[in-house]
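Taking it in order: structure first as structure tokens, then the write-up.
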Amino acid sequence: MSIDVSPTIKIKKTQHSKIHEVDFNNLPFGQVVTDHMFVCDFIDGKWQQPQIVPYQNIILDPSSKIFHYGQSVFEGMKAYKDKDGKTWLFRPEDNQKRINISAKRMAIPEFPEEYFMEGLKALLKLESDWIPTTNGSSLYIRPFIFATGNGFHASPSDEYKFVIACSPSGAYFDRKVKLLIEQKYSRSANGGVGYAKAGGNYGGQFYPTKLANEKGYDQVIWTDDTSHQYIEEAGAMNIFIRIGDTLITAPTSDRILDGITRKSIIEIAKDEGINVEIRKFSVNELIDACDNSTLKEMFGAGTAAIVLPISGFGFNGRDYDLPDLNNSYSDLLKKRITDIYYNRSEDKFGWRYLVE
Ligand code: PLP
Ligand code: COI
């Protein structure tokens, strides 16, 4: 749906800021919330006037469709402050487009581009003091849409709520992770919802991930749903594998999220002169490369985790360790992308977006 006029956002400020209760030097990921949220309701077939209100509970009827049929989609993005106090986003238009790709798949009405961008900017301006400046921290931004219409009929809701909530956050993982190659469960399937950031995709990952945690692994490496032979994603990240000096990542499909970090890392790696291959990559190829020592490194890539090095993986009851490299691609690529995030380097790709 496209609405060409800029929205007028009604703003109601909190009388009781919580900011002084927050220890900005010890921020967990996604636990602390800011003072305000952006909200907009879909009622009578259209998105209503957007508002910014004090962060608060949302009251729903027990028959709300979100509880029964899981119509919910979300995004994950971050705002960064540079040393001059300016606020930046990274490729926010891509998040805006992707939430509507996800919404369409879940039969949720698309949220107008202008509302998303104007709402996001207005909220970030209001919450400017909440954007952390401590090393490695940022303001995690969670836009989401969910079904608020009532009734147990298994059909799309006629009412929805769009919300943007924010959380000053530290690292998602502050160490390398050990992963288990999944041989039984799948996070997505052909013709399914894997390419959408739909809430249920993540709920469905929790049980296999819990089983992997019980065996001592941090996350699961997702393989294709039919053969479990091909490596697709890692936890809630896209995955990169370095064999010799070639960096490999799986092609996106309807099973894989088209990650904004993934596509940026591909561009930066190419810019560094690294040979990048986007192709199917099998578990057998990985094991062979590990056995003949051509497997140099593996890492996950995503907004929350940024670039996350993998220390090793488990497969068929055996553990495989990766070497500790001095000049790893993951260190290089993480530095390049975070320097762009925080306005510490030139932005030759034009990805940075100035909020204020
Ligand atoms: N894959 C999955 C399943 C994810 O949930 C995410 C996180 O958003 C990603 C990949 C990485 O996507 P992005 O880089 O756009 O955050
Ligand atoms: C993100 O990287 O932003 C995500 O959405 C991943 C996760 C926290 C679900």
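Residue numbers start at 1 in each chain; chains themselves are named A, B, ... in the order of the structure tokens; ligands are numbered from 1 in the order shown.
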
Could you make a table, as JSON lines, of the residues of chain A that have an atom within 8 Å of an atom of ligand 1, each with its nearest atom pair and distance in Å to one decimal, counting only C-alpha atoms and all ligand atoms, in chain and number order?
{"residue": "A:Glu75", "atom": "CA", "partner": "ligand 1", "partner_atom_place_in_ligand_line": "8 (O)", "distance": 6.8}
{"residue": "A:Gly76", "atom": "CA", "partner": "ligand 1", "partner_atom_place_in_ligand_line": "8 (O)", "distance": 5.7}
{"residue": "A:Met77", "atom": "CA", "partner": "ligand 1", "partner_atom_place_in_ligand_line": "16 (O)", "distance": 6.9}
{"residue": "A:Asn95", "atom": "CA", "partner": "ligand 1", "partner_atom_place_in_ligand_line": "15 (O)", "distance": 7.3}
{"residue": "A:Gly194", "atom": "CA", "partner": "ligand 1", "partner_atom_place_in_ligand_line": "3 (C)", "distance": 7.4}
{"residue": "A:Tyr195", "atom": "CA", "partner": "ligand 1", "partner_atom_place_in_ligand_line": "3 (C)", "distance": 7.8}
{"residue": "A:Lys197", "atom": "CA", "partner": "ligand 1", "partner_atom_place_in_ligand_line": "5 (O)", "distance": 6.5}
{"residue": "A:Asn201", "atom": "CA", "partner": "ligand 1", "partner_atom_place_in_ligand_line": "3 (C)", "distance": 7.9}
{"residue": "A:Tyr202", "atom": "CA", "partner": "ligand 1", "partner_atom_place_in_ligand_line": "5 (O)", "distance": 7.6}
{"residue": "A:Glu233", "atom": "CA", "partner": "ligand 1", "partner_atom_place_in_ligand_line": "1 (N)", "distance": 6.3}
{"residue": "A:Ala234", "atom": "CA", "partner": "ligand 1", "partner_atom_place_in_ligand_line": "1 (N)", "distance": 7.3}
{"residue": "A:Gly235", "atom": "CA", "partner": "ligand 1", "partner_atom_place_in_ligand_line": "3 (C)", "distance": 6.5}
{"residue": "A:Ala236", "atom": "CA", "partner": "ligand 1", "partner_atom_place_in_ligand_line": "4 (C)", "distance": 3.8}
{"residue": "A:Met237", "atom": "CA", "partner": "ligand 1", "partner_atom_place_in_ligand_line": "10 (C)", "distance": 3.7}
{"residue": "A:Asn238", "atom": "CA", "partner": "ligand 1", "partner_atom_place_in_ligand_line": "10 (C)", "distance": 4.4}
{"residue": "A:Ile256", "atom": "CA", "partner": "ligand 1", "partner_atom_place_in_ligand_line": "1 (N)", "distance": 6.7}
{"residue": "A:Leu257", "atom": "CA", "partner": "ligand 1", "partner_atom_place_in_ligand_line": "1 (N)", "distance": 4.7}
{"residue": "A:Asp258", "atom": "CA", "partner": "ligand 1", "partner_atom_place_in_ligand_line": "12 (O)", "distance": 6.5}
{"residue": "A:Gly259", "atom": "CA", "partner": "ligand 1", "partner_atom_place_in_ligand_line": "12 (O)", "distance": 3.4}
{"residue": "A:Ile260", "atom": "CA", "partner": "ligand 1", "partner_atom_place_in_ligand_line": "15 (O)", "distance": 3.7}
{"residue": "A:Thr261", "atom": "CA", "partner": "ligand 1", "partner_atom_place_in_ligand_line": "14 (O)", "distance": 3.5}
{"residue": "A:Arg262", "atom": "CA", "partner": "ligand 1", "partner_atom_place_in_ligand_line": "14 (O)", "distance": 5.6}
{"residue": "A:Lys263", "atom": "CA", "partner": "ligand 1", "partner_atom_place_in_ligand_line": "14 (O)", "distance": 7.8}
{"residue": "A:Ala301", "atom": "CA", "partner": "ligand 1", "partner_atom_place_in_ligand_line": "11 (C)", "distance": 6.0}
{"residue": "A:Gly302", "atom": "CA", "partner": "ligand 1", "partner_atom_place_in_ligand_line": "14 (O)", "distance": 3.5}
{"residue": "A:Thr303", "atom": "CA", "partner": "ligand 1", "partner_atom_place_in_ligand_line": "16 (O)", "distance": 3.7}
{"residue": "A:Ala304", "atom": "CA", "partner": "ligand 1", "partner_atom_place_in_ligand_line": "16 (O)", "distance": 6.4}
{"residue": "A:Ile306", "atom": "CA", "partner": "ligand 1", "partner_atom_place_in_ligand_line": "14 (O)", "distance": 7.6}

Per residue of stretch 237-283 of chain A within 9 Å of stretch 340-354 of chain A, note the shortest atom pair and the distance in Å to one decimal, counting only C-alpha atoms, and order the rows by chain and increasing residue number, as a Markdown table.
| residue | atom | partner | partner_atom | distance |
| --- | --- | --- | --- | --- |
| A:Ser264 | CA | A:Trp351 | CA | 8.9 |
| A:Glu267 | CA | A:Phe349 | CA | 8.7 |
| A:Ile268 | CA | A:Phe349 | CA | 9.0 |

Return as a tab-separated table the residues of stretch 94-188 of chain A lying at most 10 Å from stretch 20-24 of chain A, together with the closest atom-to-atom pair for each and the distance in Å to one decimal, counting only C-alpha atoms, with rows in chain order and ascending residue number.
residue	atom	partner	partner_atom	distance
A:Trp130	CA	A:Phe24	CA	9.0
A:Ile131	CA	A:Phe24	CA	9.4
A:Pro132	CA	A:Phe24	CA	6.6
A:Thr133	CA	A:Phe24	CA	8.3
A:Thr134	CA	A:Phe24	CA	7.2
A:Ser137	CA	A:Phe24	CA	8.9
A:Pro168	CA	A:Phe24	CA	8.0
A:Ser169	CA	A:Phe24	CA	8.6
A:Gly170	CA	A:Phe24	CA	8.9

Could you turn the residues from that selection into a file that holds all heavy atoms, as a CSV table (one decimal), in the first residue's frame?
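Result saved to out21.csv:
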chain,number,residue,atom,x,y,z
A,130,TRP,N,19.2,7.8,24.5
A,130,TRP,CA,19.2,6.4,24.8
A,130,TRP,C,20.2,5.6,23.9
A,130,TRP,O,20.4,4.4,24.1
A,130,TRP,CB,17.9,5.8,24.6
A,130,TRP,CG,16.9,6.1,25.7
A,130,TRP,CD1,16.0,7.1,25.8
A,130,TRP,CD2,16.7,5.3,26.9
A,130,TRP,NE1,15.3,7.0,27.0
A,130,TRP,CE2,15.7,5.9,27.6
A,130,TRP,CE3,17.2,4.1,27.4
A,130,TRP,CZ2,15.2,5.4,28.8
A,130,TRP,CZ3,16.7,3.6,28.6
A,130,TRP,CH2,15.7,4.2,29.3
A,131,ILE,N,20.8,6.3,22.9
A,131,ILE,CA,21.7,5.6,22.0
A,131,ILE,C,23.0,5.5,22.7
A,131,ILE,O,23.7,6.5,22.9
A,131,ILE,CB,21.8,6.3,20.6
A,131,ILE,CG1,20.4,6.5,20.0
A,131,ILE,CG2,22.7,5.5,19.7
A,131,ILE,CD1,20.3,7.3,18.8
A,132,PRO,N,23.5,4.3,23.0
A,132,PRO,CA,24.7,4.2,23.8
A,132,PRO,C,25.9,4.5,23.0
A,132,PRO,O,26.0,4.4,21.8
A,132,PRO,CB,24.7,2.7,24.2
A,132,PRO,CG,23.7,2.0,23.4
A,132,PRO,CD,22.9,3.0,22.7
A,133,THR,N,26.9,5.0,23.7
A,133,THR,CA,28.2,5.4,23.0
A,133,THR,C,29.3,4.5,23.5
A,133,THR,O,30.5,4.6,23.0
A,133,THR,CB,28.5,6.9,23.3
A,133,THR,OG1,28.5,7.1,24.7
A,133,THR,CG2,27.6,7.8,22.6
A,134,THR,N,29.0,3.6,24.4
A,134,THR,CA,30.1,2.7,24.9
A,134,THR,C,30.5,1.7,23.8
A,134,THR,O,29.7,1.3,23.0
A,134,THR,CB,29.7,1.9,26.2
A,134,THR,OG1,28.3,1.5,26.0
A,134,THR,CG2,29.7,2.8,27.4
A,137,SER,N,28.4,-1.0,21.6
A,137,SER,CA,27.0,-1.0,21.9
A,137,SER,C,26.3,-0.1,20.9
A,137,SER,O,26.9,0.7,20.2
A,137,SER,CB,26.7,-0.5,23.4
A,137,SER,OG,27.3,0.8,23.5
A,168,PRO,N,18.6,-0.1,24.2
A,168,PRO,CA,20.1,0.1,24.2
A,168,PRO,C,20.7,-1.2,24.5
A,168,PRO,O,20.4,-1.8,25.5
A,168,PRO,CB,20.3,1.2,25.3
A,168,PRO,CG,19.1,1.1,26.1
A,168,PRO,CD,17.9,0.6,25.3
A,169,SER,N,21.6,-1.7,23.6
A,169,SER,CA,22.1,-3.0,23.8
A,169,SER,C,23.6,-3.2,23.6
A,169,SER,O,24.2,-2.4,22.8
A,169,SER,CB,21.5,-3.9,22.7
A,169,SER,OG,20.1,-4.1,22.9
A,170,GLY,N,24.2,-4.1,24.3
A,170,GLY,CA,25.6,-4.6,24.2
A,170,GLY,C,25.6,-5.7,23.2
A,170,GLY,O,24.6,-6.0,22.4

- prompt: For ligand 2, which of A:Gln31, A:Asn150, A:Thr294, A:Ser128 is the closest residue, counting only C-alpha atoms and all ligand atoms?
  reply: A:Gln31

task: Using DSSP on the backbone coordinates, identify the residues of stretch 118-304 of chain A assigned to alpha helix (DSSP H); present them as a PyMOL selection string.
output: chain A and resi 118-126+199-214+260-271+283-291

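Distances here use only C-alpha atoms and all ligand atoms; by that measure, the residue among A:Leu247, A:Ala196, A:Ile278, A:Val39 closest to ligand 2 is A:Ala196.
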
task: Choose the residue, out of A:Ile141, A:Ala289, A:Ala189, A:Ile101, that has the smallest atom-to-atom separation from ligand 2; count only C-alpha atoms and all ligand atoms.
output: A:Ile141

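Of the residues under consideration (A:Ile66, A:Ala305, A:Ile241, A:Leu60), A:Ala305 shows the shortest atom-to-atom contact distance to ligand 2 when counting only C-alpha atoms and all ligand atoms.
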
I'd like the neighbourhood of A:Arg105 as a PDB file with N, CA and C atoms, in the first residue's frame, where a residue qualifies if any of its atoms comes within 9 Å (using only C-alpha atoms), though same-chain residues fewer than 5 positions away should be ignored.
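Final output, result15.pdb:
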ATOM      1  N   ASN A 100       7.764  -5.503   4.659  1.00  0.00           N
ATOM      2  CA  ASN A 100       6.583  -5.659   3.806  1.00  0.00           C
ATOM      3  C   ASN A 100       6.630  -6.947   2.987  1.00  0.00           C
ATOM      4  N   VAL A 193       8.088 -20.258   4.850  1.00  0.00           N
ATOM      5  CA  VAL A 193       8.107 -18.882   5.343  1.00  0.00           C
ATOM      6  C   VAL A 193       9.533 -18.432   5.704  1.00  0.00           C
ATOM      7  N   ALA A 196      10.915 -14.978   5.253  1.00  0.00           N
ATOM      8  CA  ALA A 196      10.224 -13.893   5.964  1.00  0.00           C
ATOM      9  C   ALA A 196      10.732 -13.833   7.402  1.00  0.00           C
ATOM     10  N   ALA A 198       9.200 -13.851  10.154  1.00  0.00           N
ATOM     11  CA  ALA A 198       7.921 -14.123  10.808  1.00  0.00           C
ATOM     12  C   ALA A 198       8.225 -14.711  12.181  1.00  0.00           C
TER      13      ALA A 198
END

Which neighbours of A:Ile9 fall inside 9 Å, counting only C-alpha atoms, when residues of the same chain fewer than 2 positions from it are skipped, and could you give them as a PDB file with C-alpha atoms, in the first residue's frame?
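Result file follows (selection_14.pdb):
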ATOM      1  CA  PRO A   7       2.188  11.210   8.185  1.00  0.00           C
ATOM      2  CA  ILE A  11       3.535  12.582  20.149  1.00  0.00           C
ATOM      3  CA  GLN A  49      -2.738   8.165  12.482  1.00  0.00           C
ATOM      4  CA  PRO A  50       0.664   7.081  13.813  1.00  0.00           C
ATOM      5  CA  GLN A  51       1.615   7.993  17.360  1.00  0.00           C
ATOM      6  CA  ILE A  52       4.599   8.031  19.660  1.00  0.00           C
ATOM      7  CA  TYR A 115       5.083   5.967   7.931  1.00  0.00           C
ATOM      8  CA  GLU A 118       9.121   9.109   9.401  1.00  0.00           C
ATOM      9  CA  GLY A 119       8.100   7.154  12.496  1.00  0.00           C
ATOM     10  CA  ALA A 122      10.865  10.822  14.942  1.00  0.00           C
TER      11      ALA A 122
END

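The nearest approach to A:Asp254 among the residues A:Met298, A:Tyr185, A:Ile221, A:Gly191, with only C-alpha atoms taken into account, belongs to A:Gly191.
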
task: Identify which of the residues A:Tyr69, A:Phe173, A:Tyr80, A:Tyr55 lies closest to ligand 2, counting only C-alpha atoms and all ligand atoms when measuring atom-to-atom distances.
output: A:Phe173

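Within 12 Å of A:Ser157, once only C-alpha atoms are used and residues closer than 6 positions along the same chain are dropped, the contacting residues are Phe42, Ile43, Asp44, Gly45, Ser63, Ser64, Lys65, Ile66, Phe67, His68, Tyr69, Gly70, Gln71, Ser72, Met106, Ala107, Ile108, Pro109, Ile145, Phe146, Ala147, Thr148, Gly149, Asn150 and Gly151 of chain A.
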
message: According to DSSP computed on the backbone, where in stretch 82-131 of chain A is there strand (DSSP E)? Give the residues as a ChimeraX atom specification.
response: /A:87-90
